[in-house]
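work.cif, holding mmCIF, C-alpha atoms; chains and numbers go by the auth columns:
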```cif
data_run
loop_
_atom_site.group_PDB
_atom_site.id
_atom_site.type_symbol
_atom_site.label_atom_id
_atom_site.label_comp_id
_atom_site.label_asym_id
_atom_site.label_seq_id
_atom_site.Cartn_x
_atom_site.Cartn_y
_atom_site.Cartn_z
_atom_site.B_iso_or_equiv
_atom_site.auth_seq_id
_atom_site.auth_asym_id
ATOM 1 C CA MET A 1 -32.608 27.823 -32.687 0.00 1 A
ATOM 2 C CA SER A 2 -34.964 26.209 -35.177 0.00 2 A
ATOM 3 C CA GLU A 3 -32.518 24.107 -37.155 0.00 3 A
ATOM 4 C CA TYR A 4 -32.415 20.648 -35.474 0.00 4 A
ATOM 5 C CA ASN A 5 -33.604 22.506 -32.344 0.00 5 A
ATOM 6 C CA GLY A 6 -30.212 24.183 -32.263 0.00 6 A
ATOM 7 C CA GLU A 7 -28.380 20.856 -32.168 0.00 7 A
ATOM 8 C CA ILE A 8 -24.694 21.093 -33.096 0.00 8 A
ATOM 9 C CA ARG A 9 -23.856 18.856 -36.066 0.00 9 A
ATOM 10 C CA LYS A 10 -20.355 20.004 -36.952 0.00 10 A
ATOM 11 C CA MET A 11 -17.601 22.016 -35.224 0.00 11 A
ATOM 12 C CA MET A 12 -15.215 23.939 -37.470 0.00 12 A
ATOM 13 C CA ILE A 13 -12.306 25.080 -35.299 0.00 13 A
ATOM 14 C CA ILE A 14 -9.691 27.572 -36.466 0.00 14 A
ATOM 15 C CA LEU A 15 -6.431 27.389 -34.516 0.00 15 A
ATOM 16 C CA SER A 16 -4.222 30.448 -35.033 0.00 16 A
ATOM 17 C CA LYS A 17 -1.899 30.118 -32.030 0.00 17 A
ATOM 18 C CA ALA A 18 0.771 27.641 -30.975 0.00 18 A
ATOM 19 C CA THR A 19 0.845 28.205 -27.229 0.00 19 A
ATOM 20 C CA LEU A 20 0.211 24.880 -25.569 0.00 20 A
ATOM 21 C CA GLU A 21 -2.921 25.990 -23.715 0.00 21 A
ATOM 22 C CA ASN A 22 -4.571 27.123 -26.963 0.00 22 A
ATOM 23 C CA VAL A 23 -3.533 24.010 -28.872 0.00 23 A
ATOM 24 C CA TYR A 24 -4.966 21.772 -26.164 0.00 24 A
ATOM 25 C CA ALA A 25 -8.175 23.801 -26.062 0.00 25 A
ATOM 26 C CA ALA A 26 -8.681 23.216 -29.800 0.00 26 A
ATOM 27 C CA PHE A 27 -7.793 19.519 -29.563 0.00 27 A
ATOM 28 C CA VAL A 28 -10.044 18.806 -26.562 0.00 28 A
ATOM 29 C CA LEU A 29 -12.956 20.599 -28.234 0.00 29 A
ATOM 30 C CA ALA A 30 -12.506 18.730 -31.525 0.00 30 A
ATOM 31 C CA ASN A 31 -12.026 15.331 -29.931 0.00 31 A
ATOM 32 C CA GLY A 32 -14.851 15.987 -27.472 0.00 32 A
ATOM 33 C CA ALA A 33 -17.152 16.752 -30.385 0.00 33 A
ATOM 34 C CA ARG A 34 -16.388 13.396 -32.019 0.00 34 A
ATOM 35 C CA MET A 35 -17.040 11.651 -28.704 0.00 35 A
ATOM 36 C CA GLU A 36 -20.554 13.117 -28.819 0.00 36 A
ATOM 37 C CA GLY A 37 -21.122 12.050 -32.416 0.00 37 A
ATOM 38 C CA ILE A 38 -20.522 15.581 -33.731 0.00 38 A
ATOM 39 C CA GLU A 39 -18.287 16.086 -36.777 0.00 39 A
ATOM 40 C CA ALA A 40 -15.120 18.131 -36.219 0.00 40 A
ATOM 41 C CA GLU A 41 -12.481 19.769 -38.398 0.00 41 A
ATOM 42 C CA ILE A 42 -9.508 21.965 -37.474 0.00 42 A
ATOM 43 C CA PHE A 43 -7.979 24.621 -39.729 0.00 43 A
ATOM 44 C CA PHE A 44 -4.405 25.370 -38.673 0.00 44 A
ATOM 45 C CA THR A 45 -3.380 28.876 -39.636 0.00 45 A
ATOM 46 C CA PHE A 46 -0.524 31.262 -38.813 0.00 46 A
ATOM 47 C CA PHE A 47 1.254 30.129 -35.634 0.00 47 A
ATOM 48 C CA GLY A 48 -1.322 27.387 -35.224 0.00 48 A
ATOM 49 C CA LEU A 49 0.604 25.553 -37.969 0.00 49 A
ATOM 50 C CA GLU A 50 3.325 24.746 -35.437 0.00 50 A
ATOM 51 C CA ALA A 51 0.921 22.279 -33.806 0.00 51 A
ATOM 52 C CA ILE A 52 1.124 20.096 -36.944 0.00 52 A
ATOM 53 C CA HIS A 53 4.742 20.878 -37.885 0.00 53 A
ATOM 54 C CA LYS A 54 6.729 17.666 -37.346 0.00 54 A
ATOM 55 C CA LYS A 55 9.804 19.360 -35.910 0.00 55 A
ATOM 56 C CA LYS A 56 7.928 21.859 -33.755 0.00 56 A
ATOM 57 C CA LEU A 57 4.873 20.097 -32.409 0.00 57 A
ATOM 58 C CA GLU A 58 6.750 18.422 -29.598 0.00 58 A
ATOM 59 C CA HIS A 59 8.324 21.670 -28.442 0.00 59 A
ATOM 60 C CA LEU A 60 5.292 23.885 -27.885 0.00 60 A
ATOM 61 C CA HIS A 61 5.297 26.080 -24.783 0.00 61 A
ATOM 62 C CA ILE A 62 2.753 27.778 -22.600 0.00 62 A
ATOM 63 C CA ALA A 63 2.988 31.577 -22.445 0.00 63 A
ATOM 64 C CA THR A 64 4.469 33.014 -19.259 0.00 64 A
ATOM 65 C CA VAL A 65 4.513 36.614 -20.504 0.00 65 A
ATOM 66 C CA GLY A 66 1.263 38.489 -21.046 0.00 66 A
ATOM 67 C CA ASN A 67 -0.673 35.743 -19.314 0.00 67 A
ATOM 68 C CA PRO A 68 -2.205 37.153 -16.115 0.00 68 A
ATOM 69 C CA ALA A 69 -3.465 33.725 -15.087 0.00 69 A
ATOM 70 C CA MET A 70 0.144 32.643 -14.512 0.00 70 A
ATOM 71 C CA HIS A 71 0.130 34.875 -11.413 0.00 71 A
ATOM 72 C CA MET A 72 3.717 35.749 -12.023 0.00 72 A
ATOM 73 C CA PRO A 73 5.222 39.237 -12.547 0.00 73 A
ATOM 74 C CA THR A 74 5.645 39.831 -16.283 0.00 74 A
ATOM 75 C CA MET A 75 9.346 40.650 -15.847 0.00 75 A
ATOM 76 C CA LEU A 76 9.899 37.303 -14.148 0.00 76 A
ATOM 77 C CA GLY A 77 8.012 35.440 -16.862 0.00 77 A
ATOM 78 C CA GLY A 78 10.457 36.849 -19.392 0.00 78 A
ATOM 79 C CA LEU A 79 13.537 35.384 -17.741 0.00 79 A
ATOM 80 C CA PRO A 80 15.379 32.730 -19.771 0.00 80 A
ATOM 81 C CA GLY A 81 14.122 29.213 -19.075 0.00 81 A
ATOM 82 C CA MET A 82 10.904 30.381 -17.456 0.00 82 A
ATOM 83 C CA GLU A 83 8.659 29.162 -20.281 0.00 83 A
ATOM 84 C CA SER A 84 10.352 25.765 -20.324 0.00 84 A
ATOM 85 C CA LEU A 85 9.976 25.407 -16.584 0.00 85 A
ATOM 86 C CA ALA A 86 6.302 26.354 -16.610 0.00 86 A
ATOM 87 C CA THR A 87 5.707 24.047 -19.599 0.00 87 A
ATOM 88 C CA MET A 88 7.444 21.146 -17.897 0.00 88 A
ATOM 89 C CA MET A 89 5.296 21.610 -14.794 0.00 89 A
ATOM 90 C CA MET A 90 2.127 21.793 -16.832 0.00 90 A
ATOM 91 C CA LYS A 91 3.021 18.667 -18.838 0.00 91 A
ATOM 92 C CA LYS A 92 3.525 16.763 -15.597 0.00 92 A
ATOM 93 C CA GLU A 93 0.047 17.756 -14.421 0.00 93 A
ATOM 94 C CA MET A 94 -1.436 16.805 -17.795 0.00 94 A
ATOM 95 C CA GLU A 95 0.041 13.317 -17.668 0.00 95 A
ATOM 96 C CA LYS A 96 -1.583 12.888 -14.243 0.00 96 A
ATOM 97 C CA ILE A 97 -5.039 13.524 -15.697 0.00 97 A
ATOM 98 C CA ASP A 98 -4.357 11.191 -18.636 0.00 98 A
ATOM 99 C CA MET A 99 -3.921 13.985 -21.192 0.00 99 A
ATOM 100 C CA PRO A 100 -1.985 12.780 -24.270 0.00 100 A
ATOM 101 C CA ASP A 101 0.967 14.741 -25.671 0.00 101 A
ATOM 102 C CA VAL A 102 0.498 16.724 -28.882 0.00 102 A
ATOM 103 C CA HIS A 103 1.598 13.957 -31.253 0.00 103 A
ATOM 104 C CA GLU A 104 -0.522 11.270 -29.599 0.00 104 A
ATOM 105 C CA PHE A 105 -3.462 13.677 -29.495 0.00 105 A
ATOM 106 C CA LEU A 106 -3.165 14.198 -33.279 0.00 106 A
ATOM 107 C CA ASP A 107 -3.168 10.400 -33.739 0.00 107 A
ATOM 108 C CA ILE A 108 -6.251 10.056 -31.532 0.00 108 A
ATOM 109 C CA MET A 109 -8.084 12.786 -33.441 0.00 109 A
ATOM 110 C CA VAL A 110 -7.316 11.279 -36.851 0.00 110 A
ATOM 111 C CA ALA A 111 -8.440 7.823 -35.658 0.00 111 A
ATOM 112 C CA SER A 112 -11.627 9.467 -34.354 0.00 112 A
ATOM 113 C CA GLY A 113 -12.373 11.065 -37.707 0.00 113 A
ATOM 114 C CA VAL A 114 -11.344 14.680 -37.015 0.00 114 A
ATOM 115 C CA LYS A 115 -10.209 16.318 -40.267 0.00 115 A
ATOM 116 C CA LEU A 116 -7.030 18.411 -40.056 0.00 116 A
ATOM 117 C CA TRP A 117 -6.312 21.146 -42.593 0.00 117 A
ATOM 118 C CA ALA A 118 -3.277 23.384 -43.093 0.00 118 A
ATOM 119 C CA CYS A 119 -3.877 26.954 -44.259 0.00 119 A
ATOM 120 C CA LYS A 120 -2.307 27.548 -47.667 0.00 120 A
ATOM 121 C CA LEU A 121 -1.582 31.225 -47.115 0.00 121 A
ATOM 122 C CA ALA A 122 0.217 30.611 -43.820 0.00 122 A
ATOM 123 C CA MET A 123 2.116 27.631 -45.286 0.00 123 A
ATOM 124 C CA ASP A 124 3.410 29.920 -48.055 0.00 124 A
ATOM 125 C CA MET A 125 4.248 32.673 -45.588 0.00 125 A
ATOM 126 C CA PHE A 126 6.318 30.420 -43.321 0.00 126 A
ATOM 127 C CA HIS A 127 7.828 28.543 -46.328 0.00 127 A
ATOM 128 C CA TYR A 128 6.574 25.198 -45.017 0.00 128 A
ATOM 129 C CA GLU A 129 6.193 22.204 -47.334 0.00 129 A
ATOM 130 C CA LYS A 130 3.656 19.370 -47.086 0.00 130 A
ATOM 131 C CA GLU A 131 6.495 17.016 -46.012 0.00 131 A
ATOM 132 C CA ASP A 132 7.251 19.246 -43.013 0.00 132 A
ATOM 133 C CA MET A 133 3.805 18.608 -41.644 0.00 133 A
ATOM 134 C CA TYR A 134 2.199 15.777 -39.642 0.00 134 A
ATOM 135 C CA ASP A 135 1.554 12.950 -42.133 0.00 135 A
ATOM 136 C CA ASP A 136 -2.189 12.555 -41.672 0.00 136 A
ATOM 137 C CA ILE A 137 -3.418 16.054 -42.405 0.00 137 A
ATOM 138 C CA GLY A 138 -6.249 16.134 -44.921 0.00 138 A
ATOM 139 C CA GLY A 139 -4.444 18.647 -47.095 0.00 139 A
ATOM 140 C CA ILE A 140 -3.421 22.262 -47.607 0.00 140 A
ATOM 141 C CA ILE A 141 -6.479 24.382 -48.319 0.00 141 A
ATOM 142 C CA THR A 142 -7.672 27.974 -48.667 0.00 142 A
ATOM 143 C CA VAL A 143 -10.104 29.831 -46.432 0.00 143 A
ATOM 144 C CA GLY A 144 -12.729 29.347 -49.120 0.00 144 A
ATOM 145 C CA ASP A 145 -12.200 25.588 -49.104 0.00 145 A
ATOM 146 C CA PHE A 146 -12.583 25.564 -45.332 0.00 146 A
ATOM 147 C CA TYR A 147 -15.880 27.445 -45.501 0.00 147 A
ATOM 148 C CA LYS A 148 -17.066 24.960 -48.104 0.00 148 A
ATOM 149 C CA GLN A 149 -16.142 22.122 -45.742 0.00 149 A
ATOM 150 C CA GLY A 150 -18.303 23.749 -43.108 0.00 150 A
ATOM 151 C CA SER A 151 -21.421 24.106 -45.218 0.00 151 A
ATOM 152 C CA GLY A 152 -24.607 22.454 -43.993 0.00 152 A
ATOM 153 C CA ILE A 153 -27.103 22.943 -41.207 0.00 153 A
ATOM 154 C CA GLY A 154 -25.943 22.833 -37.598 0.00 154 A
ATOM 155 C CA THR A 155 -22.334 23.896 -38.265 0.00 155 A
ATOM 156 C CA HIS A 156 -20.554 26.071 -35.706 0.00 156 A
ATOM 157 C CA MET A 157 -17.251 27.908 -36.187 0.00 157 A
ATOM 158 C CA LEU A 158 -14.797 28.699 -33.466 0.00 158 A
ATOM 159 C CA PHE A 159 -11.662 30.849 -33.638 0.00 159 A
ATOM 160 C CA ILE A 160 -8.858 30.154 -31.207 0.00 160 A
ATOM 161 C CA MET B 1 -37.111 6.128 -13.146 0.00 1 B
ATOM 162 C CA GLU B 2 -38.156 2.953 -14.911 0.00 2 B
ATOM 163 C CA LYS B 3 -38.375 2.227 -18.606 0.00 3 B
ATOM 164 C CA GLU B 4 -39.650 -0.780 -20.479 0.00 4 B
ATOM 165 C CA ILE B 5 -36.723 -2.346 -22.324 0.00 5 B
ATOM 166 C CA ALA B 6 -37.021 -5.718 -24.060 0.00 6 B
ATOM 167 C CA GLY B 7 -40.307 -6.375 -22.271 0.00 7 B
ATOM 168 C CA LYS B 8 -38.995 -5.739 -18.752 0.00 8 B
ATOM 169 C CA MET B 9 -39.162 -2.728 -16.454 0.00 9 B
ATOM 170 C CA ILE B 10 -35.564 -1.516 -16.097 0.00 10 B
ATOM 171 C CA LYS B 11 -34.225 1.227 -13.780 0.00 11 B
ATOM 172 C CA VAL B 12 -32.514 3.964 -15.800 0.00 12 B
ATOM 173 C CA ASN B 13 -31.354 7.549 -15.229 0.00 13 B
ATOM 174 C CA ASP B 14 -32.701 10.510 -17.212 0.00 14 B
ATOM 175 C CA GLU B 15 -30.206 9.852 -20.032 0.00 15 B
ATOM 176 C CA GLY B 16 -31.298 6.228 -20.323 0.00 16 B
ATOM 177 C CA TYR B 17 -28.281 4.599 -18.615 0.00 17 B
ATOM 178 C CA LEU B 18 -28.999 1.602 -16.418 0.00 18 B
ATOM 179 C CA THR B 19 -28.671 2.367 -12.721 0.00 19 B
ATOM 180 C CA ASP B 20 -28.749 -1.261 -11.600 0.00 20 B
ATOM 181 C CA PHE B 21 -26.367 -3.488 -13.545 0.00 21 B
ATOM 182 C CA SER B 22 -27.964 -6.646 -12.133 0.00 22 B
ATOM 183 C CA GLN B 23 -30.949 -5.911 -14.408 0.00 23 B
ATOM 184 C CA TRP B 24 -28.760 -6.065 -17.515 0.00 24 B
ATOM 185 C CA THR B 25 -29.168 -8.930 -19.979 0.00 25 B
ATOM 186 C CA ARG B 26 -28.035 -9.360 -23.582 0.00 26 B
ATOM 187 C CA GLU B 27 -31.633 -8.730 -24.658 0.00 27 B
ATOM 188 C CA VAL B 28 -31.622 -5.404 -22.798 0.00 28 B
ATOM 189 C CA GLY B 29 -28.313 -4.496 -24.455 0.00 29 B
ATOM 190 C CA GLU B 30 -29.658 -5.516 -27.832 0.00 30 B
ATOM 191 C CA ALA B 31 -32.775 -3.352 -27.390 0.00 31 B
ATOM 192 C CA ILE B 32 -30.731 -0.290 -26.346 0.00 32 B
ATOM 193 C CA ALA B 33 -28.443 -0.874 -29.342 0.00 33 B
ATOM 194 C CA ALA B 34 -31.442 -1.003 -31.686 0.00 34 B
ATOM 195 C CA GLU B 35 -32.703 2.291 -30.229 0.00 35 B
ATOM 196 C CA ASN B 36 -29.320 3.749 -31.201 0.00 36 B
ATOM 197 C CA ASN B 37 -29.464 2.268 -34.718 0.00 37 B
ATOM 198 C CA ILE B 38 -26.820 -0.333 -34.017 0.00 38 B
ATOM 199 C CA THR B 39 -27.134 -3.973 -35.039 0.00 39 B
ATOM 200 C CA MET B 40 -25.043 -6.028 -32.666 0.00 40 B
ATOM 201 C CA THR B 41 -22.448 -8.429 -34.105 0.00 41 B
ATOM 202 C CA PRO B 42 -20.133 -10.857 -32.242 0.00 42 B
ATOM 203 C CA ARG B 43 -17.437 -8.163 -32.427 0.00 43 B
ATOM 204 C CA HIS B 44 -19.756 -5.629 -30.744 0.00 44 B
ATOM 205 C CA TRP B 45 -20.378 -8.107 -27.909 0.00 45 B
ATOM 206 C CA GLU B 46 -16.640 -8.651 -27.427 0.00 46 B
ATOM 207 C CA VAL B 47 -16.197 -4.926 -26.926 0.00 47 B
ATOM 208 C CA ILE B 48 -19.196 -4.744 -24.580 0.00 48 B
ATOM 209 C CA ALA B 49 -17.767 -7.592 -22.481 0.00 49 B
ATOM 210 C CA TYR B 50 -14.431 -5.779 -22.310 0.00 50 B
ATOM 211 C CA LEU B 51 -16.074 -2.515 -21.187 0.00 51 B
ATOM 212 C CA GLN B 52 -18.130 -4.307 -18.524 0.00 52 B
ATOM 213 C CA ASN B 53 -14.992 -5.963 -17.234 0.00 53 B
ATOM 214 C CA GLU B 54 -13.091 -2.665 -17.097 0.00 54 B
ATOM 215 C CA HIS B 55 -15.991 -1.135 -15.210 0.00 55 B
ATOM 216 C CA LYS B 56 -16.027 -4.054 -12.760 0.00 56 B
ATOM 217 C CA ASN B 57 -12.330 -3.397 -12.103 0.00 57 B
ATOM 218 C CA ASN B 58 -13.072 0.299 -11.473 0.00 58 B
ATOM 219 C CA VAL B 59 -11.085 1.496 -14.497 0.00 59 B
ATOM 220 C CA ALA B 60 -12.182 4.977 -15.623 0.00 60 B
ATOM 221 C CA LEU B 61 -12.965 4.627 -19.322 0.00 61 B
ATOM 222 C CA SER B 62 -11.664 7.109 -21.903 0.00 62 B
ATOM 223 C CA ILE B 63 -11.002 7.120 -25.640 0.00 63 B
ATOM 224 C CA ARG B 64 -7.273 7.202 -24.912 0.00 64 B
ATOM 225 C CA LYS B 65 -7.506 4.055 -22.740 0.00 65 B
ATOM 226 C CA ILE B 66 -9.490 2.258 -25.451 0.00 66 B
ATOM 227 C CA GLY B 67 -6.728 3.136 -27.927 0.00 67 B
ATOM 228 C CA LYS B 68 -4.097 1.701 -25.594 0.00 68 B
ATOM 229 C CA SER B 69 -6.033 -1.511 -24.927 0.00 69 B
ATOM 230 C CA ASP B 70 -5.159 -4.602 -26.928 0.00 70 B
ATOM 231 C CA VAL B 71 -8.848 -5.286 -27.562 0.00 71 B
ATOM 232 C CA LEU B 72 -9.501 -2.697 -30.270 0.00 72 B
ATOM 233 C CA ASP B 73 -8.189 0.584 -31.631 0.00 73 B
ATOM 234 C CA ILE B 74 -9.955 3.934 -31.716 0.00 74 B
ATOM 235 C CA LYS B 75 -10.764 3.700 -35.405 0.00 75 B
ATOM 236 C CA GLU B 76 -12.614 0.411 -35.015 0.00 76 B
ATOM 237 C CA PHE B 77 -14.387 1.745 -31.910 0.00 77 B
ATOM 238 C CA TYR B 78 -15.837 4.556 -34.044 0.00 78 B
ATOM 239 C CA GLN B 79 -16.749 2.099 -36.805 0.00 79 B
ATOM 240 C CA LEU B 80 -18.672 -0.115 -34.392 0.00 80 B
ATOM 241 C CA PHE B 81 -20.430 2.733 -32.573 0.00 81 B
ATOM 242 C CA PRO B 82 -20.369 5.700 -34.976 0.00 82 B
ATOM 243 C CA GLN B 83 -22.488 8.179 -33.005 0.00 83 B
ATOM 244 C CA GLY B 84 -20.277 8.822 -29.989 0.00 84 B
ATOM 245 C CA PRO B 85 -18.685 5.427 -29.270 0.00 85 B
ATOM 246 C CA LEU B 86 -17.960 5.758 -25.568 0.00 86 B
ATOM 247 C CA LYS B 87 -21.386 7.021 -24.582 0.00 87 B
ATOM 248 C CA THR B 88 -23.295 4.610 -26.852 0.00 88 B
ATOM 249 C CA SER B 89 -21.298 1.496 -25.954 0.00 89 B
ATOM 250 C CA THR B 90 -21.505 2.092 -22.208 0.00 90 B
ATOM 251 C CA LYS B 91 -25.259 2.582 -22.480 0.00 91 B
ATOM 252 C CA ILE B 92 -25.574 -0.768 -24.281 0.00 92 B
ATOM 253 C CA ALA B 93 -23.252 -2.365 -21.714 0.00 93 B
ATOM 254 C CA GLY B 94 -25.476 -1.199 -18.867 0.00 94 B
ATOM 255 C CA ILE B 95 -22.672 0.706 -17.128 0.00 95 B
ATOM 256 C CA PRO B 96 -22.477 4.433 -16.258 0.00 96 B
ATOM 257 C CA LYS B 97 -21.637 7.061 -18.892 0.00 97 B
ATOM 258 C CA PRO B 98 -17.933 7.891 -18.489 0.00 98 B
ATOM 259 C CA ALA B 99 -17.277 11.453 -17.307 0.00 99 B
ATOM 260 C CA SER B 100 -14.254 11.810 -19.551 0.00 100 B
ATOM 261 C CA CYS B 101 -13.358 14.668 -21.897 0.00 101 B
ATOM 262 C CA ILE B 102 -10.610 12.757 -23.685 0.00 102 B
#
```
In structure tokens, how does this file's structure come out?
Amino acid sequence: MSEYNGEIRKMMIILSKATLENVYAAFVLANGARMEGIEAEIFFTFFGLEAIHKKKLEHLHIATVGNPAMHMPTMLGGLPGMESLATMMMKKEMEKIDMPDVHEFLDIMVASGVKLWACKLAMDMFHYEKEDMYDDIGGIITVGDFYKQGSGIGTHMLFI
Amino acid sequence: MEKEIAGKMIKVNDEGYLTDFSQWTREVGEAIAAENNITMTPRHWEVIAYLQNEHKNNVALSIRKIGKSDVLDIKEFYQLFPQGPLKTSTKIAGIPKPASCI
């Protein structure tokens, strides 16, 4: 902990999932970093790309299957409509605590100086084009580019 | 505890936020701003006045609320107070640090 006494200067967050709870975790951490004067960048890869895909970002769900914290039998969680219902309930609670929706959250992050990057490999794999994505992403980059972005003292990386 | 700010003894908490708003003056705000490497401009003071008014009306401050206000947008807020706008501006304004994550 010798560099800047262990002070965090930059958060590099890798988002690989598109379940709502993971997307929000990444967004709150990135935005919260900026609020503390810490730099923040998010690398969207694999399913994480859905969080910046124009047609998909407003339809993200929370996971009701394989999520023990839902306190719901797995078989029940798999029933049609269950994910939508759980998502709807969660969104209602989020609005109560002044949590923005995914699109507004992206706008807030960009205005706050969070850099958003799409993973080139995953973009190719899903056959997504730049135009499919949220307008204000910084670009489509490789893992190597992302590491380069994170160079410097006091940088922390987080995989979600 | 007390700290000397702009030549006066001012009551602050351990993070340096004023605990008694009645002790706040523009000179105090100016001195706290200087400590945070900010040179106050008329635009800064407009924002400070807005924050103090929101606090007086018991509005919980957050970045999202700032963005929805018609006083300034989030981008300008970060330009005026680059190192953590909400926590720096409230310190200058002499009001408590908002306990907001958003």
With all atoms listed in the file counted and 10 Å as the cut-off, give the residues of chain B in contact with chain A, each with its shortest interatomic distance in Å and the pair that gives it, as a Markdown table.
```
| residue | atom | partner | partner_atom | distance |
| --- | --- | --- | --- | --- |
| B:Ser62 | CA | A:Asp98 | CA | 9.0 |
| B:Ile63 | CA | A:Ile108 | CA | 8.1 |
| B:Arg64 | CA | A:Ile108 | CA | 7.3 |
| B:Lys65 | CA | A:Asp98 | CA | 8.8 |
| B:Gly67 | CA | A:Ile108 | CA | 7.8 |
| B:Asp73 | CA | A:Ala111 | CA | 8.3 |
| B:Ile74 | CA | A:Ala111 | CA | 5.7 |
| B:Lys75 | CA | A:Ala111 | CA | 4.7 |
| B:Glu76 | CA | A:Ala111 | CA | 8.5 |
| B:Phe77 | CA | A:Ser112 | CA | 8.6 |
| B:Tyr78 | CA | A:Ser112 | CA | 6.5 |
| B:Gln79 | CA | A:Ser112 | CA | 9.3 |
| B:Phe81 | CA | A:Gly37 | CA | 9.3 |
| B:Pro82 | CA | A:Gly37 | CA | 6.9 |
| B:Gln83 | CA | A:Gly37 | CA | 4.1 |
| B:Gly84 | CA | A:Gly37 | CA | 4.1 |
| B:Pro85 | CA | A:Met35 | CA | 6.5 |
| B:Leu86 | CA | A:Met35 | CA | 6.7 |
| B:Lys87 | CA | A:Glu36 | CA | 7.5 |
| B:Thr88 | CA | A:Glu36 | CA | 9.2 |
| B:Ser100 | CA | A:Gly32 | CA | 9.0 |
| B:Cys101 | CA | A:Gly32 | CA | 5.9 |
| B:Ile102 | CA | A:Gly32 | CA | 6.5 |
```
Surrounding residues of stretch 6-10 of chain B excluding itself and chain neighbours under 4 positions, 6 Å, all atoms listed in the file, as a PDB file with C-alpha atoms, in the frame of the given file:
```pdb
ATOM      1  CA  GLU B   2     -38.156   2.953 -14.911  1.00  0.00           C
ATOM      2  CA  VAL B  28     -31.622  -5.404 -22.798  1.00  0.00           C
ATOM      3  CA  ALA B  31     -32.775  -3.352 -27.390  1.00  0.00           C
TER       4      ALA B  31
END
```
* Please measure the separation of atom CA of A:Arg9 and atom CA of A:Lys115, giving the value in Å to one decimal. => 14.5 Å
* **Residues in the PyMOL selection byres ((chain A and resi 53) around 10), expressed as a PyMOL selection string** => chain A and resi 48-52+54-58+118+128-135
Can those selected residues be exported to a file as a PDB file, keeping the file's coordinate frame so that it contains C-alpha atoms?
```
ATOM      1  CA  GLY A  48      -1.322  27.387 -35.224  1.00  0.00           C
ATOM      2  CA  LEU A  49       0.604  25.553 -37.969  1.00  0.00           C
ATOM      3  CA  GLU A  50       3.325  24.746 -35.437  1.00  0.00           C
ATOM      4  CA  ALA A  51       0.921  22.279 -33.806  1.00  0.00           C
ATOM      5  CA  ILE A  52       1.124  20.096 -36.944  1.00  0.00           C
ATOM      6  CA  LYS A  54       6.729  17.666 -37.346  1.00  0.00           C
ATOM      7  CA  LYS A  55       9.804  19.360 -35.910  1.00  0.00           C
ATOM      8  CA  LYS A  56       7.928  21.859 -33.755  1.00  0.00           C
ATOM      9  CA  LEU A  57       4.873  20.097 -32.409  1.00  0.00           C
ATOM     10  CA  GLU A  58       6.750  18.422 -29.598  1.00  0.00           C
ATOM     11  CA  ALA A 118      -3.277  23.384 -43.093  1.00  0.00           C
ATOM     12  CA  TYR A 128       6.574  25.198 -45.017  1.00  0.00           C
ATOM     13  CA  GLU A 129       6.193  22.204 -47.334  1.00  0.00           C
ATOM     14  CA  LYS A 130       3.656  19.370 -47.086  1.00  0.00           C
ATOM     15  CA  GLU A 131       6.495  17.016 -46.012  1.00  0.00           C
ATOM     16  CA  ASP A 132       7.251  19.246 -43.013  1.00  0.00           C
ATOM     17  CA  MET A 133       3.805  18.608 -41.644  1.00  0.00           C
ATOM     18  CA  TYR A 134       2.199  15.777 -39.642  1.00  0.00           C
ATOM     19  CA  ASP A 135       1.554  12.950 -42.133  1.00  0.00           C
TER      20      ASP A 135
END
```
* To do: Decode the PyMOL selection byres ((chain A and resi 62-68) around 12) for the given file into explicit residues and return them as number ranges by chain.
  => A: 17-24, 59-61, 69-91
* Care to translate the PyMOL selection byres ((chain B and resi 55) around 12) into actual residues of this file, as a ChimeraX atom specification? -> /B:21,48-54,56-62,90,93-98
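The interatomic distance for the pair atom CA of A:Ile13 and atom CA of B:Asn36 works out to 27.6 Å.
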* Give me, please, the distance in Å between atom CA of B:Ile5 and atom CA of B:Tyr17, quoted to one decimal. =>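 A separation of 11.5 Å between them.
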* Fewer than 6 positions away in the same chain doesn't count, so skip those; otherwise give me all residues within 12 Å of B:Thr41, counting all atoms listed in the file, as a list in words. => Arg26, Gly29, Glu30, Ala33, Ala34, Val47, Ile48, Leu80 and Phe81 of chain B
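For stretch 138-150 of chain A, the list of residues within 6 Å, based on all atoms listed in the file and with local chain neighbours fewer than 2 positions off taken out, reads Leu116, Trp117, Ala118, Cys119 and Lys120 of chain A.
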Build an axis-aligned box that encloses every atom of stretch 42-51 of chain A listed in the file, pad it by 5 Å on each side, and report its centre and edge lengths in Å to one decimal, as AutoDock Vina command-line options.
```
--center_x -3.1 --center_y 26.6 --center_z -36.8 --size_x 22.8 --size_y 19.3 --size_z 15.9
```
